[in-house]
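As provided, my_file29.txt (compact mmCIF, C-alpha atoms and all ligand atoms) reads as follows.
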```
# COMPACT_ATOMS: atom_id res chain seq x y z
CA MET E 1 0.43 15.99 11.93
CA ASN E 2 -1.64 13.62 9.82
CA ILE E 3 -4.37 11.38 11.22
CA LEU E 4 -2.09 8.34 11.46
CA GLU E 5 0.40 10.34 13.55
CA LYS E 6 -2.39 11.81 15.69
CA LEU E 7 -3.72 8.34 16.42
CA ASN E 8 -0.20 7.09 17.12
CA THR E 9 -0.68 4.32 14.58
CA PRO E 10 2.01 1.61 14.85
CA ILE E 11 4.83 2.15 12.34
CA PHE E 12 6.31 -0.74 10.42
CA SER E 13 9.41 -0.14 8.39
CA ALA E 14 11.92 -2.95 8.08
CA GLU E 15 14.39 -0.59 6.41
CA GLY E 16 14.09 2.18 9.01
CA ILE E 17 12.36 5.57 8.88
CA PRO E 18 13.80 8.28 6.62
CA SER E 19 14.68 11.50 8.46
CA LYS E 20 13.09 13.55 5.69
CA LEU E 21 11.45 13.05 2.32
CA ASP E 22 12.56 14.55 -0.99
CA TYR E 23 9.31 15.31 -2.85
CA ASP E 24 11.08 17.26 -5.62
CA ASN E 25 13.26 14.39 -6.72
CA TYR E 26 10.74 11.61 -6.05
CA LYS E 27 10.26 9.14 -8.92
CA LEU E 28 7.92 6.18 -9.27
CA ARG E 29 8.98 3.73 -11.95
CA ILE E 30 6.54 1.30 -13.59
CA ASP E 31 8.39 -1.36 -15.52
CA GLY E 32 8.58 -5.01 -16.52
CA LEU E 33 5.84 -6.51 -18.68
CA VAL E 34 4.38 -3.21 -19.90
CA GLU E 35 4.16 -1.55 -23.31
CA ASN E 36 5.48 1.78 -22.00
CA GLU E 37 7.72 2.10 -18.99
CA LEU E 38 6.64 5.07 -16.91
CA ILE E 39 8.66 7.30 -14.64
CA LEU E 40 6.38 9.59 -12.67
CA SER E 41 7.28 12.50 -10.43
CA PHE E 42 5.24 13.43 -7.35
CA GLU E 43 3.72 16.26 -9.44
CA ASP E 44 2.80 13.79 -12.23
CA ILE E 45 1.05 11.57 -9.70
CA LYS E 46 -0.81 14.47 -8.10
CA ALA E 47 -1.96 15.63 -11.56
CA MET E 48 -3.69 12.31 -12.30
CA SER E 49 -7.30 11.64 -11.39
CA PHE E 50 -7.59 10.32 -7.85
CA LYS E 51 -9.95 8.43 -5.60
CA THR E 52 -10.48 8.56 -1.86
CA TYR E 53 -11.50 5.53 0.19
CA ASN E 54 -12.55 5.57 3.83
CA LYS E 55 -11.15 2.16 4.68
CA ARG E 56 -8.89 0.24 7.03
CA LEU E 57 -5.27 -0.77 6.88
CA THR E 58 -5.02 -4.00 8.88
CA SER E 59 -1.78 -5.62 10.03
CA VAL E 60 -1.11 -9.26 10.83
CA SER E 61 0.77 -7.85 13.85
CA GLY E 62 -2.64 -7.05 15.38
CA PHE E 63 -3.82 -3.55 14.59
CA THR E 64 -6.32 -1.94 12.25
CA VAL E 65 -6.73 1.76 11.43
CA ARG E 66 -9.46 3.59 9.53
CA ALA E 67 -8.68 6.73 7.52
CA LYS E 68 -9.49 8.41 4.22
CA TRP E 69 -6.79 7.30 1.82
CA THR E 70 -6.33 9.28 -1.41
CA GLY E 71 -4.35 8.25 -4.45
CA VAL E 72 -4.29 7.11 -8.04
CA PRO E 73 -6.11 3.82 -8.66
CA LEU E 74 -3.58 1.20 -9.74
CA ASP E 75 -5.85 0.36 -12.71
CA ASP E 76 -5.33 3.85 -14.14
CA LEU E 77 -1.55 3.54 -13.96
CA LEU E 78 -1.62 0.10 -15.54
CA LYS E 79 -3.84 1.42 -18.32
CA LYS E 80 -1.33 4.19 -18.97
CA ALA E 81 1.58 1.74 -19.00
CA GLY E 82 -0.27 -0.90 -21.06
CA LEU E 83 -0.09 -4.43 -19.69
CA LYS E 84 1.52 -7.16 -21.76
CA SER E 85 -0.54 -10.35 -21.90
CA ASN E 86 1.95 -12.35 -19.80
CA ALA E 87 1.88 -9.88 -16.88
CA LYS E 88 0.46 -11.82 -13.92
CA TYR E 89 1.91 -10.28 -10.74
CA LEU E 90 2.66 -6.84 -9.36
CA LEU E 91 5.96 -6.56 -7.48
CA SER E 92 6.29 -3.39 -5.41
CA THR E 93 9.64 -2.09 -4.14
CA SER E 94 10.41 0.63 -1.62
CA ALA E 95 13.26 3.15 -1.62
CA GLY E 96 15.04 1.00 0.98
CA GLY E 97 14.52 -2.30 -0.84
CA TYR E 98 11.42 -3.69 0.94
CA THR E 99 9.35 -5.75 -1.49
CA SER E 100 5.96 -7.37 -1.73
CA CYS E 101 4.17 -9.15 -4.56
CA VAL E 102 0.49 -9.71 -5.38
CA PRO E 103 -1.41 -11.39 -8.20
CA LEU E 104 -2.84 -8.74 -10.54
CA SER E 105 -6.29 -10.27 -10.01
CA GLU E 106 -6.06 -9.15 -6.33
CA VAL E 107 -5.37 -5.51 -7.15
CA THR E 108 -7.24 -4.67 -10.36
CA GLU E 109 -10.84 -4.19 -11.57
CA ASN E 110 -13.22 -4.42 -8.57
CA LYS E 111 -10.38 -4.54 -5.98
CA VAL E 112 -9.22 -1.40 -4.18
CA CYS E 113 -5.52 -0.68 -4.71
CA LEU E 114 -4.29 2.90 -4.48
CA VAL E 115 -0.97 4.47 -5.23
CA CYS E 116 -1.61 6.63 -2.20
CA TYR E 117 -0.14 10.03 -1.27
CA LEU E 118 -2.67 11.58 1.15
CA VAL E 119 -4.34 10.39 4.31
CA ASP E 120 -7.29 12.47 5.53
CA ASN E 121 -6.04 15.10 3.04
CA GLU E 122 -2.56 15.33 4.57
CA LEU E 123 0.76 14.05 3.27
CA LEU E 124 1.79 10.60 4.53
CA GLY E 125 5.09 11.95 5.83
CA PRO E 126 8.30 10.03 6.65
CA LYS E 127 6.74 7.62 9.18
CA TYR E 128 3.80 6.40 7.16
CA GLY E 129 5.47 5.74 3.82
CA GLY E 130 5.60 9.01 1.91
CA PRO E 131 5.91 10.46 -0.61
CA VAL E 132 3.87 7.57 -2.02
CA ARG E 133 2.79 4.15 -0.76
CA LEU E 134 0.47 1.35 -1.78
CA PHE E 135 -2.85 0.97 0.02
CA ILE E 136 -4.60 -2.39 -0.31
CA PRO E 137 -7.29 -2.60 2.39
CA HIS E 138 -8.45 -6.19 1.86
CA LEU E 139 -5.02 -7.78 2.40
CA TRP E 140 -2.69 -7.77 5.42
CA GLY E 141 -0.73 -4.53 5.59
CA TYR E 142 2.55 -6.12 4.49
CA LYS E 143 1.30 -5.90 0.88
CA SER E 144 0.86 -2.09 1.24
CA THR E 145 4.46 -1.14 0.44
CA LYS E 146 5.55 2.20 1.91
CA TYR E 147 8.16 4.55 0.35
CA LEU E 148 7.10 3.09 -3.00
CA VAL E 149 9.58 3.67 -5.84
CA MET E 150 8.91 0.83 -8.28
CA LEU E 151 6.01 -1.25 -9.55
CA SER E 152 7.17 -4.14 -11.71
CA LEU E 153 4.84 -6.28 -13.79
CA ILE E 154 6.12 -9.83 -13.77
CA GLU E 155 5.04 -13.28 -14.91
CA LYS E 156 6.04 -15.39 -11.90
CA TYR E 157 5.45 -14.76 -8.20
CA ILE E 158 8.40 -13.59 -6.10
CA LYS E 159 8.21 -13.72 -2.30
CA GLY E 160 8.62 -10.29 -0.74
CA TYR E 161 10.13 -9.26 2.59
CA TRP E 162 7.49 -10.72 4.92
CA GLU E 163 6.46 -13.54 2.62
CA SER E 164 10.09 -14.82 2.76
CA ARG E 165 9.84 -14.72 6.55
CA GLY E 166 6.86 -17.05 6.82
CA TYR E 167 3.83 -14.80 6.33
CA THR E 168 1.30 -16.06 3.80
CA ASP E 169 1.69 -15.27 0.10
CA SER E 170 -2.04 -14.53 -0.18
CA ALA E 171 -2.06 -12.15 2.83
CA GLU E 172 -5.75 -12.87 3.26
CA ILE E 173 -6.85 -11.22 6.51
CA GLU E 174 -7.62 -13.94 9.05
CA PRO E 175 -10.11 -13.91 11.94
CA GLY E 176 -8.81 -13.03 15.39
CA MET E 177 -8.39 -10.27 17.93
CA THR E 178 -7.02 -6.93 16.81
CA TYR E 179 -6.37 -3.48 18.27
CA ASP E 180 -8.56 -0.82 16.71
CA VAL E 181 -6.31 2.25 16.62
CA ASN E 182 -9.28 4.62 16.14
CA SER E 183 -11.26 3.58 19.21
CA GLY E 184 -8.36 2.28 21.31
CA LYS E 185 -10.30 -0.95 21.87
CA ARG E 186 -9.47 -4.57 21.21
CA LYS E 187 -11.94 -6.13 18.80
CA GLN E 188 -12.72 -9.40 17.11
CA ILE E 189 -12.37 -9.45 13.31
CA LYS E 190 -14.07 -12.05 11.20
CA GLY E 191 -11.58 -12.44 8.33
CA GLY E 192 -11.36 -10.64 5.00
CA GLU E 193 -11.31 -6.85 4.73
CA VAL E 194 -12.18 -5.27 8.08
CA THR E 195 -15.40 -3.36 7.44
CA GLU E 196 -17.34 -4.20 10.61
CA PHE E 197 -16.16 -1.16 12.58
N1 LIG O 201 8.71 -0.10 2.77
C1 LIG O 201 8.00 -0.78 3.68
N2 LIG O 201 6.67 -0.88 3.52
C2 LIG O 201 5.94 -1.54 4.42
C3 LIG O 201 6.54 -2.20 5.52
C4 LIG O 201 7.94 -2.10 5.65
O1 LIG O 201 8.56 -2.64 6.58
N3 LIG O 201 8.64 -1.37 4.71
N4 LIG O 201 5.77 -2.87 6.43
C5 LIG O 201 4.44 -3.29 5.99
C6 LIG O 201 3.58 -3.72 7.08
S1 LIG O 201 3.96 -5.19 7.82
C7 LIG O 201 2.48 -3.01 7.46
S2 LIG O 201 1.38 -3.60 8.58
C8 LIG O 201 2.24 -1.65 6.95
C9 LIG O 201 2.19 -0.70 8.13
O2 LIG O 201 1.93 0.59 7.73
P1 LIG O 201 2.16 1.79 8.77
O3 LIG O 201 3.60 1.72 9.17
O4 LIG O 201 1.79 2.99 7.99
O5 LIG O 201 1.24 1.52 9.93
O6 LIG O 201 3.25 -1.21 6.07
C10 LIG O 201 3.73 -2.22 5.19
N5 LIG O 201 4.60 -1.60 4.24
MO MO O 202 2.16 -5.68 9.28
```
Can you turn what I pasted into structure tokens?
Amino acid sequence: MNILEKLNTPIFSAEGIPSKLDYDNYKLRIDGLVENELILSFEDIKAMSFKTYNKRLTSVSGFTVRAKWTGVPLDDLLKKAGLKSNAKYLLSTSAGGYTSCVPLSEVTENKVCLVCYLVDNELLGPKYGGPVRLFIPHLWGYKSTKYLVMLSLIEKYIKGYWESRGYTDSAEIEPGMTYDVNSGKRKQIKGGEVTEF
């Protein structure tokens, strides 16, 4: 059981939860406005240099959870693929067709964005978006696509699953009350990445 399972973290998956994951045949495709399209296996991803961030995933539905998220920084993958000058947005797609889209400026350079495969050193598993998911702590969780299979570099913004259903395109975390999964307490958040607890 990983930390998210132990804490009974709420599970969001519009496309349903896979009964099991196929790590051996997993492929992440990076395509669109890049010099070199990449197709990476789970082994390829694990072989790349990684970073770990002790940070929170925060959902507009009203929960926030802290864990140590490990993965390949998006910047490293984009460097490997080579961005074309007209690439402006990152569109992420899950195995089941869930999508979300962010401006590159929100997920590169000084911004944390991981192509994540471990949480507190354990696999994400079928409930929490394995083999590989995005982790973007400073935006509402709907940008952190689970069951990630494709990252497409595009020129024009496309609304993703939740953005098409009325949630904001920016996904900037707004002030309000939230449930802190780690402590089991309801807390006030002030807006922006949740770092206060
Ligand atoms: N593929 C996929 N990724 C997804 C979603 C989804 O429905 N499908 N929901 C998003 C939302 S709304 C949130 S808050 C987080 C929740 O992550 P968790 O299920 O690991 O708590 O996943 C995001 N990524
Ligand atoms: Mo969410």
Just want the 10 Å neighbourhood of range 47-61 of chain E, counted on all atoms listed in the file, with same-chain residues fewer than 3 positions away dropped. Output as a compact mmCIF listing (two decimals) with C-alpha atoms, keeping the file's coordinate frame.
```txt
# COMPACT_ATOMS: atom_id res chain seq x y z
CA PRO E 10 2.01 1.61 14.85
CA PHE E 12 6.31 -0.74 10.42
CA SER E 41 7.28 12.50 -10.43
CA PHE E 42 5.24 13.43 -7.35
CA GLU E 43 3.72 16.26 -9.44
CA ASP E 44 2.80 13.79 -12.23
CA THR E 64 -6.32 -1.94 12.25
CA VAL E 65 -6.73 1.76 11.43
CA ARG E 66 -9.46 3.59 9.53
CA ALA E 67 -8.68 6.73 7.52
CA LYS E 68 -9.49 8.41 4.22
CA TRP E 69 -6.79 7.30 1.82
CA THR E 70 -6.33 9.28 -1.41
CA GLY E 71 -4.35 8.25 -4.45
CA VAL E 72 -4.29 7.11 -8.04
CA PRO E 73 -6.11 3.82 -8.66
CA ASP E 76 -5.33 3.85 -14.14
CA LEU E 77 -1.55 3.54 -13.96
CA VAL E 112 -9.22 -1.40 -4.18
CA CYS E 113 -5.52 -0.68 -4.71
CA LEU E 114 -4.29 2.90 -4.48
CA VAL E 115 -0.97 4.47 -5.23
CA CYS E 116 -1.61 6.63 -2.20
CA TYR E 117 -0.14 10.03 -1.27
CA LEU E 118 -2.67 11.58 1.15
CA VAL E 119 -4.34 10.39 4.31
CA ASP E 120 -7.29 12.47 5.53
CA ASN E 121 -6.04 15.10 3.04
CA PHE E 135 -2.85 0.97 0.02
CA ILE E 136 -4.60 -2.39 -0.31
CA PRO E 137 -7.29 -2.60 2.39
CA HIS E 138 -8.45 -6.19 1.86
CA LEU E 139 -5.02 -7.78 2.40
CA TRP E 140 -2.69 -7.77 5.42
CA GLY E 141 -0.73 -4.53 5.59
CA TYR E 142 2.55 -6.12 4.49
CA LYS E 143 1.30 -5.90 0.88
CA SER E 144 0.86 -2.09 1.24
CA TYR E 167 3.83 -14.80 6.33
CA ALA E 171 -2.06 -12.15 2.83
CA GLU E 172 -5.75 -12.87 3.26
CA ILE E 173 -6.85 -11.22 6.51
CA GLU E 174 -7.62 -13.94 9.05
CA GLY E 176 -8.81 -13.03 15.39
CA THR E 178 -7.02 -6.93 16.81
CA TYR E 179 -6.37 -3.48 18.27
CA ASP E 180 -8.56 -0.82 16.71
CA GLY E 192 -11.36 -10.64 5.00
CA GLU E 193 -11.31 -6.85 4.73
CA VAL E 194 -12.18 -5.27 8.08
CA THR E 195 -15.40 -3.36 7.44
CA PHE E 197 -16.16 -1.16 12.58
```
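Here CA of Leu153 in chain E and CA of Ser92 in chain E stand 9.0 Å from one another.
Minimum distance to ligand LIG 201 (chain O) across E:Val149, E:Leu40, E:Ala81, E:Leu21 (counting only C-alpha atoms and all ligand atoms) occurs at E:Val149.
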| note | With distances taken over only C-alpha atoms and all ligand atoms, the candidate from E:Asp75, E:Glu163, E:Asp22, E:Glu109 nearest ligand LIG 201 (chain O) is E:Glu163
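For the atom pair formed by CA of Lys46 in chain E and CA of Leu151 in chain E, the distance is 17.2 Å, given to one decimal.
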Any chance you could model N, CA and C atoms for range 138-164 of chain E and send them as a compact mmCIF listing (two decimals), in the coordinates of the input?
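New file out32.txt:
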```txt
# COMPACT_ATOMS: atom_id res chain seq x y z
N HIS E 138 -7.90 -4.84 1.62
CA HIS E 138 -8.45 -6.19 1.86
C HIS E 138 -7.38 -7.24 2.10
N LEU E 139 -6.11 -6.83 2.11
CA LEU E 139 -5.02 -7.78 2.40
C LEU E 139 -4.23 -7.28 3.61
N TRP E 140 -3.55 -8.19 4.30
CA TRP E 140 -2.69 -7.77 5.42
C TRP E 140 -1.78 -6.65 4.94
N GLY E 141 -1.49 -5.74 5.89
CA GLY E 141 -0.73 -4.53 5.59
C GLY E 141 0.62 -4.75 4.94
N TYR E 142 1.21 -5.94 5.07
CA TYR E 142 2.55 -6.12 4.49
C TYR E 142 2.56 -6.05 2.96
N LYS E 143 1.35 -6.09 2.35
CA LYS E 143 1.30 -5.90 0.88
C LYS E 143 1.27 -4.41 0.52
N SER E 144 1.00 -3.54 1.50
CA SER E 144 0.86 -2.09 1.24
C SER E 144 2.22 -1.41 1.38
N THR E 145 3.07 -1.62 0.40
CA THR E 145 4.46 -1.14 0.44
C THR E 145 4.54 0.37 0.62
N LYS E 146 5.30 0.78 1.64
CA LYS E 146 5.55 2.20 1.91
C LYS E 146 6.79 2.66 1.13
N TYR E 147 6.98 3.99 1.05
CA TYR E 147 8.16 4.55 0.35
C TYR E 147 8.30 3.92 -1.04
N LEU E 148 7.15 3.80 -1.72
CA LEU E 148 7.10 3.09 -3.00
C LEU E 148 7.93 3.80 -4.07
N VAL E 149 8.82 3.07 -4.73
CA VAL E 149 9.58 3.67 -5.84
C VAL E 149 9.46 2.87 -7.14
N MET E 150 8.98 1.62 -7.05
CA MET E 150 8.91 0.83 -8.28
C MET E 150 7.76 -0.16 -8.23
N LEU E 151 7.04 -0.24 -9.35
CA LEU E 151 6.01 -1.25 -9.55
C LEU E 151 6.44 -2.04 -10.78
N SER E 152 6.70 -3.33 -10.59
CA SER E 152 7.17 -4.14 -11.71
C SER E 152 6.13 -5.19 -12.05
N LEU E 153 5.79 -5.26 -13.32
CA LEU E 153 4.84 -6.28 -13.79
C LEU E 153 5.64 -7.50 -14.19
N ILE E 154 5.32 -8.62 -13.57
CA ILE E 154 6.12 -9.83 -13.77
C ILE E 154 5.21 -11.03 -14.05
N GLU E 155 5.83 -12.10 -14.52
CA GLU E 155 5.04 -13.28 -14.91
C GLU E 155 4.94 -14.29 -13.77
N LYS E 156 6.01 -14.38 -12.97
CA LYS E 156 6.04 -15.39 -11.90
C LYS E 156 6.16 -14.72 -10.54
N TYR E 157 5.47 -15.29 -9.57
CA TYR E 157 5.45 -14.76 -8.20
C TYR E 157 6.85 -14.77 -7.58
N ILE E 158 7.15 -13.69 -6.88
CA ILE E 158 8.40 -13.59 -6.10
C ILE E 158 8.00 -13.28 -4.66
N LYS E 159 8.52 -14.02 -3.70
CA LYS E 159 8.21 -13.72 -2.30
C LYS E 159 8.85 -12.39 -1.92
N GLY E 160 8.10 -11.57 -1.21
CA GLY E 160 8.62 -10.29 -0.74
C GLY E 160 9.23 -10.44 0.65
N TYR E 161 9.44 -9.30 1.30
CA TYR E 161 10.13 -9.26 2.59
C TYR E 161 9.46 -10.16 3.63
N TRP E 162 8.17 -9.93 3.88
CA TRP E 162 7.49 -10.72 4.92
C TRP E 162 7.10 -12.10 4.44
N GLU E 163 6.81 -12.23 3.17
CA GLU E 163 6.46 -13.54 2.62
C GLU E 163 7.65 -14.50 2.75
N SER E 164 8.87 -13.98 2.60
CA SER E 164 10.09 -14.82 2.76
C SER E 164 10.33 -15.18 4.21
```
